[in-house]
$ cat query_11.cif   # mmCIF, C-alpha atoms
data_query
loop_
_atom_site.label_atom_id
_atom_site.label_comp_id
_atom_site.auth_asym_id
_atom_site.auth_seq_id
_atom_site.Cartn_x
_atom_site.Cartn_y
_atom_site.Cartn_z
CA MET B 27 44.77 -4.86 -15.95
CA MET B 28 43.68 -8.48 -15.40
CA THR B 29 42.02 -10.56 -18.05
CA GLU B 30 38.72 -12.35 -17.38
CA GLU B 31 40.52 -15.65 -16.74
CA GLU B 32 43.08 -14.04 -14.45
CA ARG B 33 40.32 -12.31 -12.52
CA ILE B 34 38.49 -15.60 -11.92
CA GLU B 35 41.70 -17.38 -10.95
CA TRP B 36 42.65 -14.64 -8.55
CA LEU B 37 39.18 -14.54 -6.94
CA LEU B 38 38.96 -18.31 -6.49
CA GLU B 39 42.31 -18.35 -4.72
CA PHE B 40 41.69 -15.14 -2.86
CA LEU B 41 38.42 -16.33 -1.33
CA ASP B 42 39.81 -19.71 -0.30
CA GLU B 43 41.19 -20.39 3.15
CA PRO B 44 38.48 -19.00 5.44
CA SER B 45 39.05 -17.36 8.81
CA GLY B 46 41.26 -19.18 11.28
CA LYS B 47 43.17 -21.01 8.62
CA ALA B 48 44.45 -18.04 6.72
CA GLU B 49 48.16 -17.64 6.65
CA ARG B 50 48.26 -15.31 3.69
CA GLN B 51 48.52 -11.62 4.37
CA ASP B 52 46.26 -10.75 1.44
CA HIS B 53 43.35 -13.02 2.51
CA PRO B 54 40.05 -11.09 3.02
CA GLU B 55 40.09 -11.86 6.75
CA GLN B 56 43.46 -10.14 6.99
CA LEU B 57 42.42 -7.08 5.01
CA THR B 58 40.72 -3.97 6.28
CA ASP B 59 37.26 -2.94 5.03
CA GLU B 60 38.90 -0.13 3.08
CA GLN B 61 41.25 -2.53 1.26
CA VAL B 62 38.31 -4.79 0.31
CA GLN B 63 36.39 -1.77 -0.96
CA GLN B 64 39.41 -0.84 -3.11
CA ILE B 65 39.32 -4.29 -4.71
CA LEU B 66 35.59 -3.99 -5.38
CA ALA B 67 36.10 -0.53 -6.86
CA ASP B 68 37.01 -2.37 -10.07
CA ASP B 69 33.74 -2.67 -11.98
CA GLU B 70 34.47 -6.09 -13.51
CA MET B 71 35.65 -7.53 -10.21
CA ARG B 72 32.61 -6.17 -8.39
CA ARG B 73 30.29 -7.58 -11.10
CA LEU B 74 32.02 -10.98 -10.86
CA VAL B 75 31.53 -11.04 -7.07
CA GLN B 76 27.88 -10.03 -7.41
CA GLN B 77 27.20 -12.73 -10.01
CA LEU B 78 28.88 -15.39 -7.88
CA GLY B 79 26.82 -14.16 -4.96
CA PHE B 80 23.63 -14.46 -6.98
CA ALA B 81 24.64 -17.99 -8.03
CA LYS B 82 25.14 -18.81 -4.37
CA HIS B 83 21.60 -17.54 -3.65
CA ALA B 84 20.31 -19.65 -6.55
CA PHE B 85 22.00 -22.79 -5.20
CA LYS B 86 20.56 -22.10 -1.76
CA HIS B 87 17.11 -21.46 -3.19
CA ASP B 88 17.33 -24.77 -5.04
CA ALA B 89 18.41 -26.58 -1.88
CA LEU B 90 15.41 -25.23 0.07
CA LYS B 91 13.17 -27.81 -1.58
CA ASN B 92 14.64 -30.30 0.87
CA ASP B 93 14.66 -27.92 3.83
CA THR B 94 11.21 -27.76 5.40
CA PRO B 95 11.21 -26.33 8.92
CA ASP B 96 9.13 -27.81 11.73
CA VAL B 97 6.65 -24.94 11.92
CA GLU B 98 4.75 -26.36 14.90
CA ALA B 99 7.93 -26.62 16.92
CA GLU B 100 9.02 -23.13 15.86
CA TRP B 101 5.64 -21.73 16.91
CA GLU B 102 5.82 -23.42 20.31
CA GLN B 103 9.25 -21.92 20.84
CA PHE B 104 8.12 -18.49 19.70
CA ALA B 105 4.97 -18.63 21.86
CA ALA B 106 7.04 -19.60 24.91
CA THR B 107 9.57 -16.83 24.28
CA HIS B 108 6.90 -14.17 23.73
CA ALA B 109 4.26 -15.50 26.13
CA GLU B 110 3.85 -12.15 27.86
CA LEU B 111 3.16 -10.22 24.66
CA LEU B 112 0.80 -12.91 23.38
CA ASP B 113 -1.11 -12.86 26.67
CA ALA B 114 -1.34 -9.08 26.38
CA LEU B 115 -3.01 -9.53 23.01
CA ASP B 116 -5.68 -11.73 24.54
CA GLU B 117 -6.20 -9.19 27.30
CA GLU B 118 -7.03 -6.60 24.66
CA LYS B 119 -9.89 -8.75 23.40
CA PRO B 120 -12.38 -7.99 26.20
CA LYS B 121 -11.71 -4.28 25.66
CA ARG B 122 -12.45 -4.65 21.99
CA ARG B 123 -15.42 -6.84 22.74
CA PHE B 124 -16.57 -4.12 25.11
CA HIS B 125 -16.34 -1.63 22.27
CA ALA B 126 -18.13 -4.01 19.98
CA SER B 127 -20.82 -4.79 22.56
CA LEU B 128 -21.11 -1.09 23.30
CA PHE B 129 -21.69 -0.56 19.63
CA THR B 130 -24.33 -3.27 19.49
CA HIS B 131 -25.89 -1.87 22.64
CA LYS B 132 -26.01 1.52 20.94
CA ILE B 133 -27.81 -0.08 18.04
CA ALA B 134 -30.17 -1.87 20.42
CA ALA B 135 -30.78 1.37 22.30
CA SER B 136 -31.49 3.14 19.04
CA ILE B 137 -33.96 0.45 18.04
CA ILE B 138 -35.63 0.55 21.45
CA GLY B 139 -35.67 4.34 21.27
CA GLY B 140 -37.22 4.10 17.86
CA LEU B 141 -39.76 1.63 19.14
CA LEU B 142 -40.51 3.89 22.09
CA ALA B 143 -40.90 6.86 19.78
CA SER B 144 -43.13 4.76 17.58
CA GLY B 145 -45.06 3.67 20.66
CA ILE B 146 -45.49 7.24 21.79
CA THR B 147 -46.58 8.21 18.33
CA PHE B 148 -48.96 5.25 18.27
CA ALA B 149 -50.29 6.21 21.69
CA ALA B 150 -50.68 9.82 20.59
CA ILE B 151 -52.57 8.71 17.50
CA HIS B 152 -54.65 6.41 19.66
CA VAL B 153 -55.49 9.25 22.07
CA MET B 154 -56.30 11.59 19.21
CA ARG B 155 -58.55 8.94 17.74
CA ASN B 156 -60.30 8.63 21.11
CA ILE B 157 -60.74 12.41 21.27
CA ILE B 158 -62.03 12.55 17.73
CA THR B 159 -64.37 9.63 18.27
CA SER B 160 -65.58 11.24 21.50
CA LYS B 161 -66.75 14.36 19.69
CA PRO B 162 -69.82 12.88 18.08
CA GLN B 163 -70.90 11.35 21.40
CA PRO B 164 -74.21 12.66 22.60
CA SER B 165 -73.76 15.99 24.34
CA THR B 166 -76.22 15.06 27.00
CA THR B 167 -73.61 13.15 28.89
CA GLU B 168 -71.33 16.14 28.98
CA GLN B 169 -74.21 18.33 29.62
CA LEU B 170 -75.36 16.36 32.64
CA SER B 171 -71.87 16.34 34.00
CA ASP B 172 -71.54 20.07 33.58
CA ILE B 173 -74.92 20.64 35.05
CA LYS B 174 -73.98 18.66 38.13
CA THR B 175 -70.77 20.67 38.46
CA ALA B 176 -72.54 23.92 37.85
CA ALA B 177 -75.11 23.08 40.48
CA ALA B 178 -72.45 23.41 43.12
CA LEU B 179 -71.45 26.86 41.93
CA PRO B 180 -73.00 30.10 43.18
CA ALA B 181 -76.15 31.11 41.32
CA ASP B 182 -74.50 33.99 39.50
CA THR B 183 -71.52 31.94 38.20
CA VAL B 184 -71.23 31.38 34.49
CA LYS B 185 -69.64 28.03 33.78
CA ALA B 186 -67.53 28.41 30.72
CA ASP B 187 -65.67 25.51 29.15
CA THR B 188 -62.42 26.07 27.39
CA ILE B 189 -63.26 23.55 24.69
CA SER B 190 -65.42 25.42 22.20
CA THR B 191 -67.26 22.35 21.01
CA ARG B 192 -68.54 21.49 24.47
CA PRO B 193 -71.94 22.80 25.52
CA TYR B 194 -71.95 25.96 27.63
CA VAL B 195 -74.25 25.70 30.62
CA PHE B 196 -75.83 28.79 32.13
CA ASN B 197 -77.28 27.73 35.47
CA ASN B 198 -79.53 30.30 37.14
CA VAL B 199 -77.71 33.10 35.36
CA PRO B 200 -79.24 36.61 34.72
CA LEU B 201 -80.42 37.12 31.14
CA ASP B 202 -78.13 40.17 30.88
CA SER B 203 -74.96 38.12 31.49
CA MET B 204 -76.13 35.18 29.42
CA LEU B 205 -76.94 37.22 26.29
CA THR B 206 -73.75 39.31 26.56
CA THR B 207 -71.72 36.09 26.42
CA ILE B 208 -73.65 34.61 23.50
CA ALA B 209 -73.70 37.92 21.56
CA ALA B 210 -69.95 38.39 22.01
CA ALA B 211 -69.35 34.94 20.57
CA HIS B 212 -71.12 36.03 17.41
CA GLY B 213 -69.62 39.53 17.26
CA LEU B 214 -72.81 41.22 18.31
CA GLY B 215 -73.86 43.68 20.93
CA VAL B 216 -76.89 43.45 23.30
CA GLU B 217 -79.63 45.98 23.76
CA PHE B 218 -82.40 45.71 26.40
CA GLU B 219 -85.53 47.59 25.39
CA ASN B 220 -87.32 45.90 28.27
CA GLU B 221 -85.07 46.55 31.26
CA ALA B 222 -87.30 44.33 33.44
CA THR B 223 -86.06 41.24 31.68
CA ARG B 224 -82.36 42.05 32.32
CA GLN B 225 -82.36 40.40 35.75
CA LEU B 226 -84.42 37.39 34.85
CA ARG B 227 -82.52 34.18 35.62
CA PHE B 228 -82.51 31.14 33.45
CA HIS B 229 -81.06 27.68 33.16
CA PHE B 230 -79.90 27.33 29.55
CA VAL B 231 -77.59 24.92 27.73
CA TRP B 232 -75.82 26.75 24.91
CA LYS B 233 -74.58 24.46 22.15
CA ARG B 234 -72.05 26.67 20.44
CA GLU B 235 -72.17 24.72 17.27
CA ASP B 236 -75.75 25.87 16.87
CA SER B 237 -76.37 28.80 14.60
CA LEU B 238 -77.23 32.18 16.09
CA MET B 239 -80.83 31.95 14.88
CA ARG B 240 -81.23 28.49 16.45
CA VAL B 241 -79.84 29.76 19.78
CA VAL B 242 -82.19 32.76 19.66
CA GLY B 243 -85.06 30.45 18.82
CA LYS B 244 -84.36 28.26 21.85
CA LEU B 245 -84.18 31.34 24.11
CA ASN B 246 -87.49 32.63 22.75
CA THR B 247 -89.18 29.44 23.95
CA PHE B 248 -89.12 31.07 27.38
CA GLU B 249 -92.45 32.94 27.81
CA ALA B 250 -90.91 36.04 29.43
CA VAL B 251 -88.38 36.65 26.71
CA ASN B 252 -88.62 38.06 23.16
CA ILE B 253 -85.27 38.40 21.49
CA GLY B 254 -84.63 39.61 17.97
CA ILE B 255 -81.58 40.31 15.78
CA GLU B 256 -81.27 43.79 14.43
CA GLY B 257 -78.11 44.55 12.54
CA LYS B 258 -75.09 43.96 14.76
CA LYS B 259 -76.96 43.51 17.96
CA MET B 260 -79.39 41.32 19.87
CA VAL B 261 -82.37 43.27 21.02
CA VAL B 262 -84.39 42.12 24.07
CA ARG B 263 -87.91 43.44 23.93
CA MET S 27 -5.11 -8.74 16.55
CA THR S 28 -5.42 -11.76 18.79
CA ARG S 29 -3.09 -14.60 19.73
CA LYS S 30 -4.96 -16.80 17.26
CA ASP S 31 -4.33 -14.30 14.46
CA VAL S 32 -0.60 -14.24 15.18
CA GLU S 33 -0.51 -18.02 15.38
CA SER S 34 -2.36 -18.32 12.09
CA LEU S 35 0.01 -15.90 10.33
CA PHE S 36 3.03 -17.63 11.84
CA LYS S 37 1.99 -21.10 10.73
CA THR S 38 0.88 -19.93 7.29
CA TYR S 39 3.93 -17.88 6.31
CA TYR S 40 6.79 -19.15 8.49
CA THR S 41 8.23 -21.49 5.86
CA GLN S 42 8.23 -18.86 3.10
CA MET S 43 9.76 -16.27 5.42
CA TYR S 44 12.41 -18.67 6.68
CA HIS S 45 13.35 -19.73 3.16
CA LEU S 46 13.69 -16.13 2.04
CA ALA S 47 15.93 -15.36 5.01
CA LEU S 48 18.03 -18.46 4.35
CA THR S 49 18.46 -17.47 0.72
CA LEU S 50 19.81 -14.11 1.79
CA LEU S 51 21.79 -15.02 4.91
CA PHE S 52 22.79 -18.68 4.35
CA ASP S 53 22.58 -19.19 8.09
CA GLU S 54 19.78 -21.15 9.75
CA ALA S 55 20.11 -19.57 13.20
CA GLU S 56 20.24 -16.03 11.80
CA SER S 57 17.29 -16.76 9.52
CA LYS S 58 15.14 -18.08 12.38
CA ASP S 59 16.04 -15.04 14.44
CA VAL S 60 14.97 -12.72 11.62
CA VAL S 61 11.57 -14.40 11.21
CA SER S 62 11.05 -14.40 14.95
CA GLU S 63 11.89 -10.68 15.11
CA VAL S 64 9.33 -9.88 12.42
CA PHE S 65 6.55 -11.58 14.39
CA ALA S 66 7.79 -10.01 17.61
CA SER S 67 7.39 -6.59 15.98
CA LEU S 68 3.74 -7.44 15.42
CA LEU S 69 3.32 -8.29 19.08
CA SER S 70 5.07 -5.21 20.35
CA GLY S 71 2.80 -3.01 18.26
CA LYS S 72 5.49 -1.61 15.95
CA ALA S 73 3.45 -3.01 13.08
CA ALA S 74 -0.07 -4.35 12.73
CA ILE S 75 -2.04 -6.34 10.24
CA LYS S 76 -5.55 -5.01 10.03
CA ARG S 77 -8.34 -7.52 10.37
CA GLU S 78 -11.21 -6.24 8.28
CA GLN S 79 -13.88 -8.58 9.60
CA SER S 80 -13.24 -8.55 13.30
CA ASP S 81 -12.74 -4.80 13.42
CA ALA S 82 -16.04 -4.12 11.73
CA GLY S 83 -18.12 -1.86 13.87
CA ILE S 84 -15.12 -0.38 15.63
CA SER S 85 -14.23 3.11 14.59
CA SER S 86 -10.69 3.97 13.57
CA ALA S 87 -10.44 6.19 16.64
CA GLU S 88 -11.38 3.30 18.90
CA ARG S 89 -8.93 1.06 17.10
CA GLU S 90 -6.21 3.66 17.48
CA GLN S 91 -7.03 4.02 21.14
CA ALA S 92 -6.82 0.28 21.60
CA ARG S 93 -3.35 0.17 20.03
CA PRO S 94 -1.65 3.54 20.37
CA LYS S 95 1.84 2.24 19.54
CA VAL S 96 0.96 1.00 16.05
CA LYS S 97 3.41 2.38 13.49
CA THR S 98 2.41 0.45 10.40
CA MET S 99 -1.05 -0.75 9.50
CA VAL S 100 -1.31 -3.41 6.83
CA ARG S 101 -4.41 -4.83 5.24
CA ALA S 102 -4.92 -8.52 5.94
CA ASP S 103 -4.84 -9.40 2.23
CA ASN S 104 -1.35 -7.88 1.99
CA ALA S 105 -0.07 -9.80 4.99
CA ARG S 106 2.14 -12.13 2.95
CA ALA S 107 3.79 -9.31 1.01
CA PHE S 108 4.27 -7.31 4.20
CA LEU S 109 5.82 -10.21 6.11
CA LEU S 110 8.21 -11.13 3.28
CA ALA S 111 9.22 -7.50 2.81
CA SER S 112 9.88 -7.27 6.56
CA VAL S 113 12.10 -10.37 6.39
CA ARG S 114 14.01 -8.96 3.43
CA HIS S 115 14.48 -5.63 5.19
CA ARG S 116 15.78 -7.26 8.36
CA CYS S 117 18.11 -9.55 6.40
CA LEU S 118 19.61 -6.56 4.64
CA ASN S 119 20.12 -4.93 8.04
CA VAL S 120 21.88 -8.05 9.28
CA LEU S 121 24.13 -8.09 6.20
CA GLN S 122 24.91 -4.40 6.48
CA HIS S 123 26.04 -4.89 10.04
CA LYS S 124 28.54 -7.51 8.99
CA GLN S 125 32.04 -6.37 8.16
CA VAL S 126 32.74 -5.68 4.51
CA LYS S 127 35.48 -8.27 4.42
CA GLU S 128 33.16 -10.96 5.82
CA ARG S 129 30.54 -10.19 3.21
CA PHE S 130 33.19 -10.33 0.53
CA ALA S 131 34.68 -13.61 1.75
CA ARG S 132 31.27 -15.29 1.95
CA LEU S 133 29.96 -13.73 -1.28
CA LEU S 134 27.19 -12.07 0.70
CA THR S 135 25.62 -9.20 -1.13
CA GLU S 136 23.78 -6.60 0.85
CA ASP S 137 23.32 -4.22 -2.06
CA SER S 138 19.55 -4.06 -2.39
CA ASP S 139 19.79 -2.26 -5.72
CA THR S 140 21.66 -5.07 -7.42
CA LEU S 141 21.24 -8.47 -5.89
CA VAL S 142 17.95 -8.19 -4.11
CA SER S 143 15.20 -6.91 -6.33
CA SER S 144 11.95 -5.61 -4.94
CA ASP S 145 10.04 -8.38 -6.66
CA THR S 146 10.62 -11.69 -4.90
CA VAL S 147 8.78 -13.68 -7.56
CA GLU S 148 10.93 -12.25 -10.36
CA GLU S 149 14.06 -12.92 -8.38
CA GLN S 150 13.02 -16.51 -7.72
CA LEU S 151 12.37 -17.05 -11.42
CA GLN S 152 15.85 -15.73 -12.25
CA MET S 153 17.45 -18.04 -9.71
CA GLU S 154 15.55 -21.05 -11.02
CA GLU S 155 16.47 -20.18 -14.59
CA LEU S 156 20.18 -19.94 -13.67
CA MET S 157 20.02 -23.31 -11.91
CA ARG S 158 18.38 -24.96 -14.91
CA TYR S 159 21.11 -23.52 -17.14
CA LEU S 160 23.93 -24.75 -14.93
CA GLN S 161 22.36 -28.19 -14.48
CA ASP S 162 22.07 -28.50 -18.26
CA CYS S 163 25.64 -27.54 -19.10
CA LEU S 164 27.67 -28.69 -16.08
CA PRO S 165 28.42 -32.17 -14.74
CA PRO S 166 26.95 -33.06 -11.32
CA MET S 167 30.46 -33.04 -9.85
CA SER S 168 30.92 -29.34 -10.66
CA LEU S 169 27.58 -28.48 -9.06
CA GLU S 170 28.39 -30.49 -5.96
CA ILE S 171 31.83 -28.87 -5.61
CA PHE S 172 30.35 -25.39 -5.95
CA ARG S 173 27.67 -26.30 -3.35
CA LEU S 174 30.22 -27.58 -0.86
CA ARG S 175 32.63 -24.73 -1.44
CA TYR S 176 30.21 -21.82 -1.21
CA LEU S 177 27.04 -23.05 0.52
CA GLN S 178 28.80 -25.24 3.07
CA GLU S 179 31.65 -22.72 3.10
CA MET S 180 34.29 -25.45 3.03
CA THR S 181 37.81 -24.71 1.84
CA CYS S 182 39.06 -26.21 -1.40
CA LEU S 183 41.12 -28.69 0.59
CA GLU S 184 38.11 -29.74 2.66
CA VAL S 185 36.04 -30.22 -0.47
CA ALA S 186 38.78 -32.29 -2.03
CA ALA S 187 38.97 -34.46 1.07
CA ALA S 188 35.19 -34.88 1.19
CA LEU S 189 35.01 -35.97 -2.44
CA ASN S 190 38.30 -37.85 -2.44
CA VAL S 191 39.76 -35.77 -5.27
CA SER S 192 42.74 -33.45 -5.54
CA ARG S 193 42.63 -29.76 -4.67
CA GLN S 194 43.51 -29.00 -8.30
CA THR S 195 40.43 -30.94 -9.46
CA VAL S 196 38.27 -28.86 -7.14
CA HIS S 197 39.83 -25.68 -8.52
CA VAL S 198 39.23 -26.73 -12.13
CA HIS S 199 35.59 -27.53 -11.47
CA LEU S 200 35.08 -24.27 -9.64
CA LYS S 201 36.69 -22.30 -12.44
CA GLN S 202 34.51 -24.06 -14.99
CA THR S 203 31.37 -23.28 -12.98
CA VAL S 204 32.28 -19.59 -12.56
CA GLU S 205 32.93 -19.27 -16.28
CA ARG S 206 29.48 -20.75 -17.01
CA ILE S 207 27.90 -18.33 -14.60
CA ARG S 208 29.67 -15.45 -16.34
CA LYS S 209 28.52 -16.76 -19.71
CA TYR S 210 24.94 -17.05 -18.49
CA PHE S 211 24.83 -13.41 -17.45
CA ALA S 212 26.66 -12.30 -20.60
CA THR S 213 24.54 -14.17 -23.13
CA CYS S 214 21.46 -15.82 -21.68
CA ASN S 215 20.46 -13.02 -19.33
CA PRO S 216 22.23 -9.82 -20.37
CA ALA S 217 19.61 -7.70 -18.62
CA ALA S 218 20.43 -9.36 -15.32
CA ALA S 219 24.12 -9.03 -16.08
CA GLN S 220 23.71 -5.27 -16.32
CA GLN S 221 22.02 -5.25 -12.91
CA ARG S 222 24.73 -7.40 -11.41
#

$ encode --input "query_11.cif" --output "structure tokens"
Amino acid sequence: MMTEEERIEWLLEFLDEPSGKAERQDHPEQLTDEQVQQILADDEMRRLVQQLGFAKHAFKHDALKNDTPDVEAEWEQFAATHAELLDALDEEKPKRRFHASLFTHKIAASIIGGLLASGITFAAIHVMRNIITSKPQPSTTEQLSDIKTAAALPADTVKADTISTRPYVFNNVPLDSMLTTIAAAHGLGVEFENEATRQLRFHFVWKREDSLMRVVGKLNTFEAVNIGIEGKKMVVR
Amino acid sequence: MTRKDVESLFKTYYTQMYHLALTLLFDEAESKDVVSEVFASLLSGKAAIKREQSDAGISSAEREQARPKVKTMVRADNARAFLLASVRHRCLNVLQHKQVKERFARLLTEDSDTLVSSDTVEEQLQMEELMRYLQDCLPPMSLEIFRLRYLQEMTCLEVAAALNVSRQTVHVHLKQTVERIRKYFATCNPAAAQQR
């Protein structure tokens, strides 16, 4: 068992004479890895080697203050050696830019879509406003238009508009057909006490927003007609 | 990652990486190779440093598609730690591939559990503390002899010739320095002594 001093002495001598100059058979360069591992199996010897190794690192670390590499030159050398890989990196950029531009285009498309949707909504509101504002317009305009259209129709045709607020024009229509239509709209039936009046033909503009009594009153302005309301039916006398 | 990113990382961290490699390998050529290999691994896609700003707006799937070979993704703010850890790892690999007897003869320690701690800053502080201790208690001649013998890897005879002293003088100075190192670990830094 070596003392501390003997261990240091032995190690200093043992590590001297590096490769190529070693004549001694027990120099590390002449030993096998297994023989070195046997030496380091001694805890104190292994600790001594590790501490000397750390001191060597410390000396090197201290010496680095005066060892500043030429980074620019090293980069130029690295860039030249790895030019192909570096160029490949730059080739990836357009792909990424494409992704990025695709993303921005998606945003732009979304905004445009939103604007379009807003525009459609605005247009729809605008149209609805026009429709609403058109309602209070004088019905005479519509009426004249319908009258002109109805004039081209056969005499027995009843021109019915699908829009309930528009005037309904009966042009040369038998009283029978005209009253049946108006009565049905009010949930009434029609009864002719005077059958002679059934085939009388009239030109009448029916404003459906008018009350039943007002409509009946307008019809009674005709001299040949006397219409009354009795219960659930219109009675033509 | 673009060429400019790699260039920026290279120029920012090269010196630190090179110094770390030198501290572990004591060989300039090997150290430069190690640093170069770390950056080459970035180029080949074995590792990547994530750029938060430039990748904004690109989904992870798109990023993965753009670089399918990426094995390690590192946040940009951890780039320094990642690069230094990569250097350390490669240095240990280099040391482990050396023959045991070479490591022993050159006092190279590849044992990551003892010599090389995981915290570079702590390790640097320990090294600086040891140097201050030795500079305080040893003559400049002893420090210079130790430097020539172990850093320059000169024989005792070569050191003696360089300093125009006898081989026995070199031996005495070396023995004195080793004893101080042992004393430092035994008294001044017993915790480190246990690790080493």

$ atom_distance --input "query_11.cif" --atom1 "atom CA of Val204 of chain S" --atom2 "atom CA of Lys86 of chain B"
16.1 Å

$ interface_residues --input "query_11.cif" --of "chain B" --to "chain S" --cutoff "6 Å" --atoms "all atoms listed in the file" --output "PDB file with C-alpha atoms, in the coordinates of the input"
ATOM      1  CA  LEU B  41      38.420 -16.330  -1.330  1.00  0.00           C
ATOM      2  CA  ASP B  42      39.810 -19.710  -0.300  1.00  0.00           C
ATOM      3  CA  GLU B  43      41.190 -20.390   3.150  1.00  0.00           C
ATOM      4  CA  PRO B  54      40.050 -11.090   3.020  1.00  0.00           C
ATOM      5  CA  ASP B  59      37.260  -2.940   5.030  1.00  0.00           C
ATOM      6  CA  ARG B  73      30.290  -7.580 -11.100  1.00  0.00           C
ATOM      7  CA  GLN B  76      27.880 -10.030  -7.410  1.00  0.00           C
ATOM      8  CA  GLY B  79      26.820 -14.160  -4.960  1.00  0.00           C
ATOM      9  CA  HIS B  83      21.600 -17.540  -3.650  1.00  0.00           C
ATOM     10  CA  ALA B  84      20.310 -19.650  -6.550  1.00  0.00           C
ATOM     11  CA  LYS B  86      20.560 -22.100  -1.760  1.00  0.00           C
ATOM     12  CA  HIS B  87      17.110 -21.460  -3.190  1.00  0.00           C
ATOM     13  CA  LEU B 111       3.160 -10.220  24.660  1.00  0.00           C
ATOM     14  CA  LEU B 112       0.800 -12.910  23.380  1.00  0.00           C
ATOM     15  CA  LEU B 115      -3.010  -9.530  23.010  1.00  0.00           C
ATOM     16  CA  ASP B 116      -5.680 -11.730  24.540  1.00  0.00           C
TER      17      ASP B 116
END

$ axis_aligned_box --input "query_11.cif" --around "segment 241-259 of chain B" --padding-each-side "6 Å" --output "AutoDock Vina command-line options"
--center_x -83.8 --center_y 36.4 --center_z 21.0 --size_x 29.4 --size_y 28.3 --size_z 28.9

$ atom_distance --input "query_11.cif" --atom1 "atom CA of Cys117 of chain S" --atom2 "atom CA of Ala47 of chain S"
6.4 Å

$ atom_distance --input "query_11.cif" --atom1 "atom CA of Pro200 of chain B" --atom2 "atom CA of Gly243 of chain B"
18.0 Å

$ closest_residue --input "query_11.cif" --among "B:Leu57, B:Ile208, B:Ala222, B:Met71" --to "Val195 of chain B" --atoms "all atoms listed in the file"
B:Ile208

$ closest_residue --input "query_11.cif" --among "B:Arg263, B:Arg33, B:Lys82, B:Arg72" --to "Leu174 of chain S" --atoms "all atoms listed in the file"
B:Lys82

$ closest_residue --input "query_11.cif" --among "B:Ala89, B:Ile255, B:Glu100, B:Leu37" --to "Ile65 of chain B" --atoms "all atoms listed in the file"
B:Leu37
